[in-house]
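Peer 1: Take a look at run.txt, compact mmCIF, C-alpha atoms and all ligand atoms:
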```txt
# COMPACT_ATOMS: atom_id res chain seq x y z
CA MET A 1 8.21 -14.06 16.88
CA LYS A 2 10.88 -12.98 14.42
CA ARG A 3 11.29 -9.20 14.12
CA ARG A 4 10.55 -8.20 10.54
CA ARG A 5 13.01 -6.22 8.51
CA VAL A 6 11.88 -2.74 7.47
CA ILE A 7 12.70 -2.13 3.81
CA TYR A 8 11.38 1.42 3.64
CA GLU A 9 9.40 3.81 5.82
CA GLY A 10 7.43 6.56 4.13
CA LYS A 11 5.05 9.21 5.41
CA ALA A 12 1.93 7.01 5.40
CA LYS A 13 3.25 3.48 4.92
CA ILE A 14 5.96 1.06 6.00
CA LEU A 15 7.29 -1.69 3.76
CA TYR A 16 8.49 -4.88 5.44
CA GLU A 17 10.26 -7.89 4.02
CA GLY A 18 7.62 -10.23 2.56
CA THR A 19 6.62 -13.70 3.68
CA GLU A 20 7.37 -15.23 0.27
CA PRO A 21 10.19 -14.55 -2.22
CA GLY A 22 9.44 -11.60 -4.48
CA THR A 23 6.88 -10.14 -2.06
CA VAL A 24 6.75 -7.21 0.36
CA ILE A 25 4.33 -6.38 3.19
CA GLN A 26 2.76 -2.94 2.92
CA TYR A 27 1.65 -1.55 6.31
CA PHE A 28 -0.77 1.41 6.34
CA LYS A 29 -0.15 3.97 9.11
CA ASP A 30 -2.64 6.51 10.46
CA ASP A 31 -0.09 9.29 9.94
CA ALA A 32 -0.91 12.03 7.47
CA THR A 33 1.32 14.75 6.08
CA ALA A 34 0.68 17.59 3.68
CA GLY A 35 2.64 20.43 2.14
CA ASN A 36 5.66 18.13 1.73
CA GLY A 37 5.77 17.29 5.45
CA ALA A 38 5.06 20.83 6.73
CA LYS A 39 1.73 19.67 8.24
CA LYS A 40 1.65 16.42 10.21
CA ASP A 41 -1.06 14.64 12.18
CA THR A 42 -2.64 11.29 12.90
CA ILE A 43 -6.04 10.44 11.47
CA GLU A 44 -7.40 7.63 13.60
CA GLY A 45 -8.43 4.63 11.52
CA LYS A 46 -7.10 6.04 8.22
CA GLY A 47 -4.63 3.17 7.74
CA VAL A 48 -7.32 0.53 8.18
CA LEU A 49 -9.63 2.27 5.70
CA ASN A 50 -6.92 2.90 3.09
CA ASN A 51 -5.75 -0.72 3.30
CA ARG A 52 -9.29 -1.91 2.61
CA ILE A 53 -10.12 0.71 -0.04
CA SER A 54 -6.85 0.13 -1.93
CA GLU A 55 -7.38 -3.65 -1.77
CA TYR A 56 -10.86 -3.22 -3.22
CA LEU A 57 -9.85 -0.85 -6.03
CA MET A 58 -6.73 -2.82 -7.02
CA THR A 59 -8.76 -6.07 -7.05
CA GLN A 60 -11.46 -4.50 -9.23
CA LEU A 61 -8.77 -3.17 -11.60
CA ALA A 62 -7.08 -6.58 -11.79
CA GLY A 63 -10.52 -7.90 -12.78
CA ILE A 64 -10.45 -5.80 -15.97
CA GLY A 65 -6.88 -6.86 -16.75
CA VAL A 66 -4.86 -4.00 -15.22
CA PRO A 67 -1.62 -5.49 -13.84
CA THR A 68 -1.16 -4.49 -10.17
CA HIS A 69 1.23 -5.27 -7.32
CA PHE A 70 -1.59 -6.39 -4.98
CA VAL A 71 -1.43 -10.03 -3.87
CA ARG A 72 -3.77 -10.28 -0.85
CA ARG A 73 -4.75 -8.46 2.30
CA LEU A 74 -3.13 -9.96 5.41
CA ASN A 75 -4.94 -8.11 8.19
CA MET A 76 -6.54 -4.76 9.07
CA ARG A 77 -3.41 -2.74 8.28
CA GLU A 78 -1.27 -4.93 6.06
CA GLN A 79 -1.33 -6.30 2.55
CA LEU A 80 1.05 -8.55 0.67
CA ILE A 81 2.30 -6.98 -2.55
CA LYS A 82 4.72 -7.95 -5.31
CA GLU A 83 8.24 -6.63 -4.95
CA VAL A 84 8.88 -4.07 -7.71
CA GLU A 85 11.53 -1.59 -8.74
CA ILE A 86 9.64 1.66 -8.12
CA ILE A 87 9.72 4.12 -11.03
CA PRO A 88 10.46 7.49 -9.34
CA LEU A 89 7.45 9.24 -10.87
CA GLU A 90 4.00 10.23 -9.68
CA VAL A 91 1.51 9.88 -12.52
CA VAL A 92 -1.40 12.28 -12.02
CA CYS A 93 -4.60 12.07 -14.03
CA ARG A 94 -7.09 14.96 -13.93
CA ASN A 95 -10.71 15.24 -15.07
CA ILE A 96 -11.60 18.50 -13.29
CA VAL A 97 -9.35 21.44 -12.39
CA ALA A 98 -8.29 21.36 -8.71
CA GLY A 99 -5.27 21.59 -6.43
CA SER A 100 -1.93 22.41 -8.00
CA MET A 101 -3.42 22.75 -11.50
CA ALA A 102 -5.81 25.47 -10.30
CA LYS A 103 -2.90 27.24 -8.65
CA ARG A 104 -0.40 26.85 -11.49
CA PHE A 105 -2.71 28.15 -14.22
CA GLY A 106 -4.91 30.47 -12.13
CA LEU A 107 -8.04 28.46 -12.94
CA PRO A 108 -11.15 28.01 -10.77
CA GLU A 109 -11.42 24.69 -8.93
CA GLY A 110 -14.26 22.63 -10.33
CA GLN A 111 -13.86 23.57 -14.00
CA ALA A 112 -14.32 20.43 -16.12
CA LEU A 113 -11.42 19.64 -18.46
CA PRO A 114 -12.29 19.01 -22.13
CA ARG A 115 -10.38 15.73 -21.86
CA SER A 116 -8.48 13.86 -19.16
CA ILE A 117 -4.96 15.17 -18.70
CA ILE A 118 -1.96 13.15 -17.52
CA GLU A 119 1.01 14.79 -15.82
CA PHE A 120 4.26 13.40 -14.44
CA TYR A 121 5.98 14.55 -11.25
CA LEU A 122 9.40 13.47 -10.01
CA LYS A 123 9.21 11.70 -6.64
CA ASP A 124 11.70 13.79 -4.70
CA ASP A 125 10.72 15.31 -1.34
CA LYS A 126 13.80 17.54 -1.21
CA LEU A 127 12.77 19.15 -4.51
CA GLY A 128 9.05 19.21 -3.64
CA ASP A 129 8.06 16.69 -6.36
CA PRO A 130 8.53 18.97 -9.42
CA MET A 131 6.44 18.44 -12.55
CA VAL A 132 8.51 16.92 -15.35
CA ALA A 133 8.10 16.49 -19.11
CA GLU A 134 8.56 13.23 -21.02
CA GLU A 135 11.81 14.69 -22.37
CA HIS A 136 13.19 14.91 -18.81
CA ILE A 137 12.01 11.40 -17.99
CA THR A 138 13.89 9.82 -20.88
CA ALA A 139 16.90 12.17 -20.72
CA PHE A 140 17.51 11.37 -17.05
CA ASN A 141 16.60 7.68 -17.45
CA TRP A 142 13.78 7.67 -14.91
CA ALA A 143 11.76 5.58 -17.39
CA GLN A 144 11.97 4.44 -21.02
CA THR A 145 9.66 5.67 -23.80
CA GLN A 146 7.80 2.35 -23.88
CA GLU A 147 7.27 2.52 -20.12
CA ILE A 148 5.90 6.08 -20.40
CA ASP A 149 3.46 4.89 -23.11
CA ASP A 150 2.39 1.93 -20.95
CA MET A 151 1.94 4.11 -17.83
CA MET A 152 -0.16 6.63 -19.78
CA ALA A 153 -2.36 3.98 -21.39
CA THR A 154 -2.87 2.14 -18.08
CA THR A 155 -3.58 5.36 -16.18
CA LEU A 156 -6.27 6.33 -18.71
CA ARG A 157 -7.85 2.87 -18.34
CA VAL A 158 -7.71 3.19 -14.55
CA ASN A 159 -9.34 6.61 -14.88
CA ASP A 160 -12.17 5.36 -17.12
CA PHE A 161 -12.88 2.42 -14.85
CA LEU A 162 -12.67 4.27 -11.54
CA THR A 163 -14.74 7.20 -12.89
CA GLY A 164 -17.53 4.69 -13.55
CA LEU A 165 -17.04 2.78 -10.30
CA PHE A 166 -17.15 5.92 -8.14
CA GLY A 167 -19.83 7.54 -10.31
CA ALA A 168 -22.14 4.60 -9.57
CA VAL A 169 -21.99 5.43 -5.85
CA GLY A 170 -22.43 9.19 -6.25
CA ILE A 171 -18.75 10.18 -6.13
CA THR A 172 -16.95 12.28 -8.77
CA LEU A 173 -13.35 11.28 -9.44
CA VAL A 174 -11.75 14.72 -9.82
CA ASP A 175 -8.13 13.58 -10.08
CA PHE A 176 -5.75 10.97 -8.69
CA LYS A 177 -2.11 9.98 -8.43
CA VAL A 178 -0.72 6.54 -9.16
CA GLU A 179 2.75 5.03 -9.11
CA TYR A 180 4.22 2.22 -11.15
CA GLY A 181 6.86 -0.41 -10.52
CA ARG A 182 9.03 -2.47 -12.82
CA VAL A 183 8.95 -6.26 -12.59
CA TRP A 184 11.61 -8.31 -14.28
CA GLU A 185 11.26 -11.64 -16.07
CA ASN A 186 14.72 -12.73 -17.18
CA ASP A 187 16.06 -9.78 -19.22
CA PHE A 188 12.66 -8.18 -19.83
CA SER A 189 10.65 -5.90 -17.62
CA HIS A 190 7.14 -4.48 -17.64
CA VAL A 191 5.37 -1.92 -15.49
CA ILE A 192 2.58 -2.68 -13.01
CA LEU A 193 0.42 -0.46 -10.82
CA ALA A 194 2.01 -0.06 -7.36
CA ASP A 195 1.65 1.98 -4.14
CA GLU A 196 -2.01 2.58 -3.21
CA ILE A 197 -5.25 4.06 -4.53
CA SER A 198 -7.20 5.63 -1.69
CA PRO A 199 -8.69 8.94 -0.52
CA ASP A 200 -5.09 9.92 0.30
CA SER A 201 -4.20 9.85 -3.40
CA CYS A 202 -7.49 10.76 -5.12
CA ARG A 203 -9.76 13.81 -5.08
CA LEU A 204 -13.26 12.49 -4.53
CA TRP A 205 -16.23 14.85 -4.44
CA ASP A 206 -19.81 14.00 -3.56
CA SER A 207 -21.53 14.21 -6.96
CA ALA A 208 -24.62 15.94 -5.57
CA THR A 209 -23.00 18.51 -3.26
CA ASN A 210 -19.31 18.66 -4.35
CA GLU A 211 -18.45 17.99 -0.70
CA LYS A 212 -14.84 16.77 -0.41
CA LEU A 213 -14.43 13.12 0.65
CA ASP A 214 -10.63 12.92 0.49
CA LYS A 215 -7.33 14.14 1.91
CA ASP A 216 -8.10 17.76 1.02
CA ARG A 217 -10.20 17.75 4.24
CA PHE A 218 -6.88 17.31 6.07
CA ARG A 219 -4.78 19.54 3.79
CA ARG A 220 -7.29 22.41 4.09
CA ASP A 221 -8.33 21.88 7.74
CA LEU A 222 -11.94 21.09 6.84
CA GLY A 223 -12.33 18.60 9.71
CA ARG A 224 -14.16 15.23 9.79
CA VAL A 225 -11.38 13.57 7.80
CA GLU A 226 -11.90 10.03 9.10
CA GLU A 227 -15.65 10.34 8.55
CA ALA A 228 -15.05 11.27 4.91
CA TYR A 229 -12.82 8.20 4.34
CA GLN A 230 -15.44 6.03 6.07
CA GLU A 231 -18.12 7.47 3.83
CA VAL A 232 -16.11 6.46 0.74
CA ALA A 233 -15.71 2.92 2.13
CA ARG A 234 -19.40 2.77 3.10
CA ARG A 235 -20.53 3.78 -0.39
CA LEU A 236 -18.21 1.20 -1.94
CA GLY A 237 -19.84 -1.36 0.38
CA ILE A 238 -16.59 -2.25 2.12
CA LEU A 239 -16.64 -0.66 5.58
CA PRO A 240 -14.22 -2.75 7.69
CA GLU A 241 -15.75 -4.89 10.44
CA GLY A 242 -16.30 -3.01 13.65
CA ALA A 243 -16.71 0.36 11.93
CA PRO A 244 -20.00 2.17 12.46
CA GLY A 245 -22.49 1.29 9.74
CA GLU A 246 -24.43 4.52 9.78
CA LEU A 247 -22.62 7.81 9.38
CA LYS A 248 -23.90 11.30 9.65
CA ALA A 249 -23.41 13.45 6.56
CA VAL A 250 -19.90 14.81 6.27
CA LYS A 251 -20.15 18.57 6.57
P1 LIG B 1 -2.12 18.12 -6.96
O1 LIG B 1 -1.01 18.12 -7.96
O2 LIG B 1 -3.31 18.89 -7.43
O3 LIG B 1 -1.65 18.53 -5.60
O4 LIG B 1 -2.60 16.60 -6.80
C1 LIG B 1 -3.23 15.91 -7.85
C2 LIG B 1 -3.75 14.56 -7.34
O5 LIG B 1 -2.64 13.72 -7.02
C3 LIG B 1 -4.57 14.66 -6.05
O6 LIG B 1 -5.59 13.68 -6.11
C4 LIG B 1 -3.59 14.31 -4.94
O7 LIG B 1 -4.24 13.66 -3.88
C5 LIG B 1 -2.63 13.38 -5.65
N1 LIG B 1 -1.25 13.58 -5.19
C6 LIG B 1 -0.33 14.44 -5.67
N2 LIG B 1 0.83 14.35 -5.01
C7 LIG B 1 0.64 13.41 -4.06
C8 LIG B 1 1.48 12.85 -3.04
O8 LIG B 1 2.65 13.19 -2.88
N3 LIG B 1 0.91 11.90 -2.25
C9 LIG B 1 -0.39 11.49 -2.41
N4 LIG B 1 -0.89 10.56 -1.58
N5 LIG B 1 -1.19 11.98 -3.37
C10 LIG B 1 -0.69 12.93 -4.19
```
As structure tokens - that is how I would like this structure written.
Peer 2:
Amino acid sequence: MKRRRVIYEGKAKILYEGTEPGTVIQYFKDDATAGNGAKKDTIEGKGVLNNRISEYLMTQLAGIGVPTHFVRRLNMREQLIKEVEIIPLEVVCRNIVAGSMAKRFGLPEGQALPRSIIEFYLKDDKLGDPMVAEEHITAFNWAQTQEIDDMMATTLRVNDFLTGLFGAVGITLVDFKVEYGRVWENDFSHVILADEISPDSCRLWDSATNEKLDKDRFRRDLGRVEEAYQEVARRLGILPEGAPGELKAVK
């Protein structure tokens, strides 16, 4: 078997050269980090669940016309994706105050926002992913004005759709982070949804109890992290084969 070329290795994923031109293989690891790498551990089965959950959400989004990088799932831990030029921004959409917003503005977690808010952060581990304004984005050429408009419009559509999708299975979408990539056709480019959408990148609370079903269980040492990710997959009706069908409540 030919050894595959690693294009990039991140904290939770590895990108390998794709099997077809213009594609990349995205491999989901079980590794988890928080606090910009200060906290590290392995969450058994996380990669398998995130691969499946991200496949499901990206496929549903493609179904309503959101352009995404997802091509097809290859196996338990890998999916084929379109090769893109990653825009070095994290686009965060918030419906309820939590996490860094609660900290930055001294607000209580759980306070509903009067409208969804979009924020941009620069993807730069050394700088700790600082929040940036549109003025910075265009001044430093991280993205063009049209791309910012497209990312904002798409992120709001993703938010509306996923709020309904999760809401139907008793999960509140508190906030999430997405990334976008540029694809070129001759001299023109457009942006498509890239990276992953999973409990690693979303805050998901049980609608009845506000119990956390996402990476905050790891970040805040709440325990039962894998069980929470499994619960999300179970409610979406996509538990991978071999996973236990019945789960005890996540405490
Ligand atoms: P916060 O800014 O409150 O820490 O995060 C807002 C939302 O974006 C949360 O759903 C969080 O999971 C997600 N998020 C922010 N930064 C990152 C990151 O570097 N990696 C991942 N996977 N998610 C992030």
Peer 1: Could you write out as lines of an AutoDock Vina configuration file the box around ligand LIG 1 (chain B) (axis-aligned, all atoms listed in the file, 5 Å on each side), with centre and edge lengths in Å to one decimal?
Peer 2:
```
center_x = -1.5
center_y = 14.7
center_z = -4.8
size_x = 18.2
size_y = 18.3
size_z = 16.4
```
Peer 1: Just want the 10 Å neighbourhood of Gly181 (chain A), counted on all atoms listed in the file, with same-chain residues fewer than 3 positions away dropped. Output as an NGL selection string.
Peer 2: :A and (68-69 or 82-89 or 151 or 184 or 189-195)
Peer 1: Show which residues sit within 9 Å of Cys202 (chain A), as a ChimeraX atom specification. Count only C-alpha atoms, and ignore same-chain residues fewer than 5 positions away.
Peer 2: /A:173-178,197,214-215
Peer 1: Save the residues we just selected, C-alpha atoms, as a short mmCIF file (atom, residue, chain, number, x, y, z; two decimals), in the frame of the given file?
Peer 2:
```cif
data_model
loop_
_atom_site.label_atom_id
_atom_site.label_comp_id
_atom_site.auth_asym_id
_atom_site.auth_seq_id
_atom_site.Cartn_x
_atom_site.Cartn_y
_atom_site.Cartn_z
CA LEU A 173 -13.35 11.28 -9.44
CA VAL A 174 -11.75 14.72 -9.82
CA ASP A 175 -8.13 13.58 -10.08
CA PHE A 176 -5.75 10.97 -8.69
CA LYS A 177 -2.11 9.98 -8.43
CA VAL A 178 -0.72 6.54 -9.16
CA ILE A 197 -5.25 4.06 -4.53
CA ASP A 214 -10.63 12.92 0.49
CA LYS A 215 -7.33 14.14 1.91
#
```
Peer 1: Using only C-alpha atoms and all ligand atoms, can you tell me which of A:Gly164, A:Gly170, A:Gly99, A:Gly35 comes closest to ligand LIG 1 (chain B)?
Peer 2: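 Answer, going by the shortest atom-to-atom distance: A:Gly99.
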Peer 1: Show me which residues are within 9 Å of ligand LIG 1 (chain B) counting all atoms listed in the file, and format the list as a ChimeraX atom specification.
Peer 2: /A:12,33-36,90-94,97-103,119,121,123,125,128-129,131,173-178,196-204,214-216
Peer 1: Write to file, as a compact mmCIF listing (two decimals), in the frame of the given file, the residues of the selection just made, with C-alpha atoms.
Peer 2:
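File result_28.txt, as written:
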```
# COMPACT_ATOMS: atom_id res chain seq x y z
CA ALA A 12 1.93 7.01 5.40
CA THR A 33 1.32 14.75 6.08
CA ALA A 34 0.68 17.59 3.68
CA GLY A 35 2.64 20.43 2.14
CA ASN A 36 5.66 18.13 1.73
CA GLU A 90 4.00 10.23 -9.68
CA VAL A 91 1.51 9.88 -12.52
CA VAL A 92 -1.40 12.28 -12.02
CA CYS A 93 -4.60 12.07 -14.03
CA ARG A 94 -7.09 14.96 -13.93
CA VAL A 97 -9.35 21.44 -12.39
CA ALA A 98 -8.29 21.36 -8.71
CA GLY A 99 -5.27 21.59 -6.43
CA SER A 100 -1.93 22.41 -8.00
CA MET A 101 -3.42 22.75 -11.50
CA ALA A 102 -5.81 25.47 -10.30
CA LYS A 103 -2.90 27.24 -8.65
CA GLU A 119 1.01 14.79 -15.82
CA TYR A 121 5.98 14.55 -11.25
CA LYS A 123 9.21 11.70 -6.64
CA ASP A 125 10.72 15.31 -1.34
CA GLY A 128 9.05 19.21 -3.64
CA ASP A 129 8.06 16.69 -6.36
CA MET A 131 6.44 18.44 -12.55
CA LEU A 173 -13.35 11.28 -9.44
CA VAL A 174 -11.75 14.72 -9.82
CA ASP A 175 -8.13 13.58 -10.08
CA PHE A 176 -5.75 10.97 -8.69
CA LYS A 177 -2.11 9.98 -8.43
CA VAL A 178 -0.72 6.54 -9.16
CA GLU A 196 -2.01 2.58 -3.21
CA ILE A 197 -5.25 4.06 -4.53
CA SER A 198 -7.20 5.63 -1.69
CA PRO A 199 -8.69 8.94 -0.52
CA ASP A 200 -5.09 9.92 0.30
CA SER A 201 -4.20 9.85 -3.40
CA CYS A 202 -7.49 10.76 -5.12
CA ARG A 203 -9.76 13.81 -5.08
CA LEU A 204 -13.26 12.49 -4.53
CA ASP A 214 -10.63 12.92 0.49
CA LYS A 215 -7.33 14.14 1.91
CA ASP A 216 -8.10 17.76 1.02
```
Peer 1: With all atoms listed in the file as the counted atoms, please give the residues lying no more than 12 Å from Asn51 (chain A), apart from itself and same-chain residues fewer than 6 positions off, as a VMD selection string.
Peer 2: chain A and resid 12 to 13 25 to 30 45 57 to 58 70 72 to 81 195 to 200 229 233 238 to 240
Peer 1: With all atoms listed in the file as the atoms that count, which of A:Leu165, A:Ile53, A:Leu113, A:Leu122 lies nearest to Arg234 (chain A)?
Peer 2: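 For Arg234 (chain A), the nearest of the candidates is A:Ile53.
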Peer 1: Given only C-alpha atoms as the basis, pick out the residue of A:Asp41, A:Asp31, A:Leu15, A:Leu162 nearest to Asp221 (chain A).
Peer 2: A:Asp41
Peer 1: Pick out the closest residue to Val169 (chain A) from this set: A:Ile118, A:Val132, A:Ala143, A:Val232. Count all atoms listed in the file.
Peer 2: A:Val232
Peer 1: Point out the residue among A:Ala133, A:Ala228, A:Val66, A:Leu236 with the least atom-to-atom distance to Tyr180 (chain A), counting only C-alpha atoms.
Peer 2: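 Among the listed residues, A:Val66 lies closest to Tyr180 (chain A).
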Peer 1: Determine the nearest neighbour of Asn210 (chain A) from the options A:Ile96, A:Arg182, A:Leu127, A:Gln146, counting all atoms listed in the file.
Peer 2: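 So, comparing all the options, the nearest one is A:Ile96.
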Peer 1: In Å, with one decimal, what is the gap from CA of Thr19 (chain A) to CA of Thr155 (chain A)?
Peer 2: 29.4 Å
Peer 1: Calculate how many Å separate CA of Thr163 (chain A) from CA of Tyr56 (chain A), rounding to one decimal.
Peer 2: 14.7 Å
Peer 1: Take CA of Lys126 (chain A) and CA of Lys39 (chain A) and report the distance between them in Å, one decimal.
Peer 2: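 Atom-to-atom, CA of Lys126 (chain A) and CA of Lys39 (chain A) are spaced 15.5 Å apart.
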